[in-house]
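Report on the structure given below.
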Amino acid sequence: MQLLVLNGSPRGPKSNTRFVTDEFLRGFAATPSNQAETLDIARPSDREKALADFWQSETVLLGFPLYADAMPGMVKEFLEQVATLPRPQRRPTLVFLVQSGFPEASHTAPVARYLERLAGRLGCTCAGVLRRGGMEGVRSEPAWMVRGVLRRFRRLGEDFGRTGRLDAQALRELAGRERHSRLALRLVCWWSRVMFWDRELKANQAYDKRLAAPYACQ
Amino acid sequence: MKTLLMNGNPNPPDPRFDAYLQGLAQVLTEQGHAVNTLELRSMDLRQCSGCFDCWLKTPGICAIRDQHGQLVQAYLAADVAVFASPLVLGFSSGLLKRTAEKLILTLLPYIDASSGESRHFPRYAKVPRLAVLYQDEPDTVDDDRAVTREIWSRTARNANTSLVACLSTSTTATEVAHAIARA
């Protein structure tokens, strides 16, 4: 099977999205005859190649971070351009990956419904939407914290590489709970504040300005 | 009431949509509302790069030197901010989406868990209510309208405000103006 991986993160190669599509690809490569290439659509040269290769591919995995409750604008603009290109008789099978910083799966559900409709609109089959929350730290967190989630992405890649399909139950398990308990959520919010936001603000000598409102109406 | 019309008609623009928005602006003005229209395709609003500088280095200010300041000032000054574009592939335009993302600098990095579902705390005390206006494509069906409304409802919720209307240009400008003004 041939797979074109499109990383739709505005952060490009050093992104959480790329980190997990790479893991998916490790699993995908377990089937020796499989071939894959990854392009970062934030890079202009990769974007051009992605436009040229999209309709010629057998399967396409488009991954992106959740930006303001859907795909980043540049991903939507890329898709709008893809849709203007001549479409071959044989269309690629599409797989999507949406990862969010917010921990609950409720945030990624609406855009996943959109993506399934989008595939139909492009005349493609959608093999599934991989969703996962709580991903902002996946590149930087210690290995023991992310081992489990990376294993899930790898297994899904392996299954997809072997069968061309994604198991609905495995996708549900990857997405996790729609909502978390209030206690768990409060803990996550507190943890992100203390361990990440405030540390970074202090390291940048910006802690005193953290609540600044520079565009407040006069 | 102050209304901001963000025209996300992409390049090349669909002239029917621009004409509709002009008509809407005229109706709102005649009703005594102050209308500010931003033609997004003519502005320099570059893709949010996810650098988080607007949260962690220069709080409230985007690291990209584009026209985000003009956008954010207009947004914060409005009572209702209208995100408007034709539907493209069953959702609002990428240009409009890119614009919406620039507004994360009106939020704080800290996450509010009080509703039982996370969202960022607001940076500003007053945030406009949101409305969405779209133009159907030839193949638009109710499911497309529903998913568009659903995504923008989430955006409103996560921006600490509410979505007061999500209407198509098949609605008359007078009716849209009423829906916005009622808010």
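Residues are referred to by chain and number: the chain letter is A, B, ... according to the order shown in the structure tokens, the number counts from 1 in that chain, and ligands are numbered separately from 1 in the order shown.
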
**Request:** Please report as a ChimeraX atom specification which residues of chain B come no farther than 9 Å from chain A, using only C-alpha atoms.
**Result:** /B:47-51,55-61,69,72-73,76-77,88-91,93-101,103-104,106,108-119,123-126,143-144,147-148,150-152,154-155,158-159

**Prompt:** If you run DSSP on this backbone, which residues of chain B come out as strand (DSSP E or B), and could you give them as an MDAnalysis selection string?
**Reply:** chainID B and resid 2:7 34:39 80:86 88 91 107:112 119:122 129:135 163:168

**Contact residues around Gln67 in chain B with only C-alpha atoms at 6 Å, ignoring same-chain residues under 3 positions, as a PyMOL selection string** = chain B and resi 44-45+70

**Message:** Applying 9 Å and only C-alpha atoms, which residues near Asp136 in chain B remain after dropping the ones on its own chain fewer than 2 positions away? List them as a PyMOL selection string.
**Reply:** chain B and resi 86-88+90+134+138-141+145+168-170

Could you take the residues named above and write them with N, CA and C atoms, as an mmCIF file, in the first residue's frame?
data_model
loop_
_atom_site.group_PDB
_atom_site.id
_atom_site.type_symbol
_atom_site.label_atom_id
_atom_site.label_comp_id
_atom_site.auth_asym_id
_atom_site.auth_seq_id
_atom_site.Cartn_x
_atom_site.Cartn_y
_atom_site.Cartn_z
ATOM 1 N N PRO B 86 -18.857 32.658 2.070
ATOM 2 C CA PRO B 86 -19.568 31.569 1.387
ATOM 3 C C PRO B 86 -19.085 30.235 1.956
ATOM 4 N N LEU B 87 -19.928 29.212 1.920
ATOM 5 C CA LEU B 87 -19.453 27.867 2.245
ATOM 6 C C LEU B 87 -18.548 27.403 1.107
ATOM 7 N N VAL B 88 -17.431 26.798 1.490
ATOM 8 C CA VAL B 88 -16.525 26.189 0.520
ATOM 9 C C VAL B 88 -16.253 24.777 1.030
ATOM 10 N N GLY B 90 -18.388 22.760 2.079
ATOM 11 C CA GLY B 90 -19.276 22.452 3.199
ATOM 12 C C GLY B 90 -18.954 23.138 4.505
ATOM 13 N N TYR B 134 -23.433 32.632 6.108
ATOM 14 C CA TYR B 134 -22.811 31.848 5.037
ATOM 15 C C TYR B 134 -23.692 31.868 3.800
ATOM 16 N N PRO B 138 -24.001 24.992 -4.388
ATOM 17 C CA PRO B 138 -25.109 24.336 -5.104
ATOM 18 C C PRO B 138 -25.542 23.017 -4.456
ATOM 19 N N ASP B 139 -24.585 22.313 -3.815
ATOM 20 C CA ASP B 139 -24.922 20.996 -3.250
ATOM 21 C C ASP B 139 -25.079 21.015 -1.726
ATOM 22 N N THR B 140 -25.248 22.188 -1.132
ATOM 23 C CA THR B 140 -25.394 22.262 0.326
ATOM 24 C C THR B 140 -26.694 21.590 0.783
ATOM 25 N N VAL B 141 -26.574 20.761 1.827
ATOM 26 C CA VAL B 141 -27.764 20.137 2.423
ATOM 27 C C VAL B 141 -27.789 20.484 3.913
ATOM 28 N N ARG B 145 -25.152 22.507 6.902
ATOM 29 C CA ARG B 145 -25.506 23.677 7.724
ATOM 30 C C ARG B 145 -25.378 23.325 9.201
ATOM 31 N N SER B 168 -28.017 31.624 6.655
ATOM 32 C CA SER B 168 -27.572 31.614 5.264
ATOM 33 C C SER B 168 -28.075 32.869 4.549
ATOM 34 N N THR B 169 -27.428 33.185 3.426
ATOM 35 C CA THR B 169 -27.820 34.366 2.657
ATOM 36 C C THR B 169 -29.145 34.140 1.913
ATOM 37 N N SER B 170 -29.742 32.951 2.092
ATOM 38 C CA SER B 170 -31.099 32.780 1.566
ATOM 39 C C SER B 170 -32.102 33.492 2.484
#

**Asked** Neighbours of Asp46 in chain A within 12 Å (only C-alpha atoms; same-chain residues fewer than 6 positions away dropped), as an MDAnalysis selection string?
**Response** chainID A and resid 4:8 12:13 37:40 52:54 78

**Message:** Give me the residues near Gly32 in chain B as a PyMOL selection string, where near means some atom within 12 Å (using only C-alpha atoms) and where sequence neighbours in that chain fewer than 5 positions away do not count.
**Reply:** chain B and resi 1-3+25-27+177+181

**Request:** Identify, with DSSP run on backbone atoms, the residues in chain B assigned to alpha helix (DSSP H), and express the list as a PyMOL selection string.
**Result:** chain B and resi 15-30+53-56+68-77+94-102+142-158+173-182

Could you write those residues out with C-alpha atoms, as a short mmCIF file (atom, residue, chain, number, x, y, z; two decimals), in the first residue's frame?
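Produced file out_18.cif, reproduced below:
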data_model
loop_
_atom_site.label_atom_id
_atom_site.label_comp_id
_atom_site.auth_asym_id
_atom_site.auth_seq_id
_atom_site.Cartn_x
_atom_site.Cartn_y
_atom_site.Cartn_z
CA PRO B 15 -19.54 39.00 -6.13
CA ARG B 16 -22.99 37.83 -4.95
CA PHE B 17 -21.70 37.44 -1.42
CA ASP B 18 -20.05 40.87 -1.31
CA ALA B 19 -23.27 42.40 -2.64
CA TYR B 20 -25.30 40.64 0.05
CA LEU B 21 -23.01 41.92 2.82
CA GLN B 22 -23.22 45.46 1.46
CA GLY B 23 -26.99 45.19 1.57
CA LEU B 24 -26.86 43.89 5.13
CA ALA B 25 -24.54 46.72 6.21
CA GLN B 26 -26.98 49.20 4.67
CA VAL B 27 -29.99 47.72 6.50
CA LEU B 28 -28.13 47.73 9.83
CA THR B 29 -27.01 51.34 9.28
CA GLU B 30 -30.56 52.42 8.42
CA ASP B 53 4.18 33.95 22.12
CA CYS B 54 0.82 35.76 22.55
CA TRP B 55 0.37 33.76 25.76
CA LEU B 56 3.90 33.26 27.02
CA HIS B 68 -3.91 41.41 13.68
CA GLY B 69 -3.99 44.56 15.83
CA GLN B 70 -6.62 46.13 13.61
CA LEU B 71 -8.66 42.92 13.66
CA VAL B 72 -8.49 42.51 17.43
CA GLN B 73 -9.39 46.15 18.15
CA ALA B 74 -12.39 45.93 15.84
CA TYR B 75 -13.46 42.65 17.44
CA LEU B 76 -13.23 43.91 21.00
CA ALA B 77 -15.04 47.14 20.14
CA GLY B 94 -10.19 28.92 5.08
CA LEU B 95 -9.65 32.68 5.06
CA LEU B 96 -12.37 33.14 7.68
CA LYS B 97 -11.02 30.23 9.70
CA ARG B 98 -7.49 31.65 9.65
CA THR B 99 -8.93 34.95 10.90
CA ALA B 100 -10.81 33.30 13.77
CA GLU B 101 -7.56 31.71 14.95
CA LYS B 102 -5.85 35.09 15.27
CA ASP B 142 -29.02 20.50 6.00
CA ASP B 143 -26.22 18.32 7.39
CA ASP B 144 -23.64 20.81 6.06
CA ARG B 145 -25.51 23.68 7.72
CA ALA B 146 -25.74 21.68 10.96
CA VAL B 147 -22.02 20.88 11.12
CA THR B 148 -21.12 24.49 10.29
CA ARG B 149 -23.36 25.70 13.11
CA GLU B 150 -21.98 23.08 15.47
CA ILE B 151 -18.33 24.04 14.89
CA TRP B 152 -19.00 27.77 15.26
CA SER B 153 -21.07 27.13 18.41
CA ARG B 154 -18.00 25.46 19.85
CA THR B 155 -15.85 28.43 18.84
CA ALA B 156 -18.26 30.81 20.57
CA ARG B 157 -18.36 28.66 23.69
CA ASN B 158 -14.59 28.39 23.83
CA ALA B 173 -30.84 40.96 4.93
CA THR B 174 -33.66 42.47 6.99
CA GLU B 175 -34.22 39.19 8.84
CA VAL B 176 -30.49 38.75 9.44
CA ALA B 177 -30.29 42.32 10.75
CA HIS B 178 -33.18 41.56 13.15
CA ALA B 179 -31.51 38.38 14.40
CA ILE B 180 -28.27 40.26 15.05
CA ALA B 181 -29.94 43.28 16.63
CA ARG B 182 -32.08 41.10 18.92
#
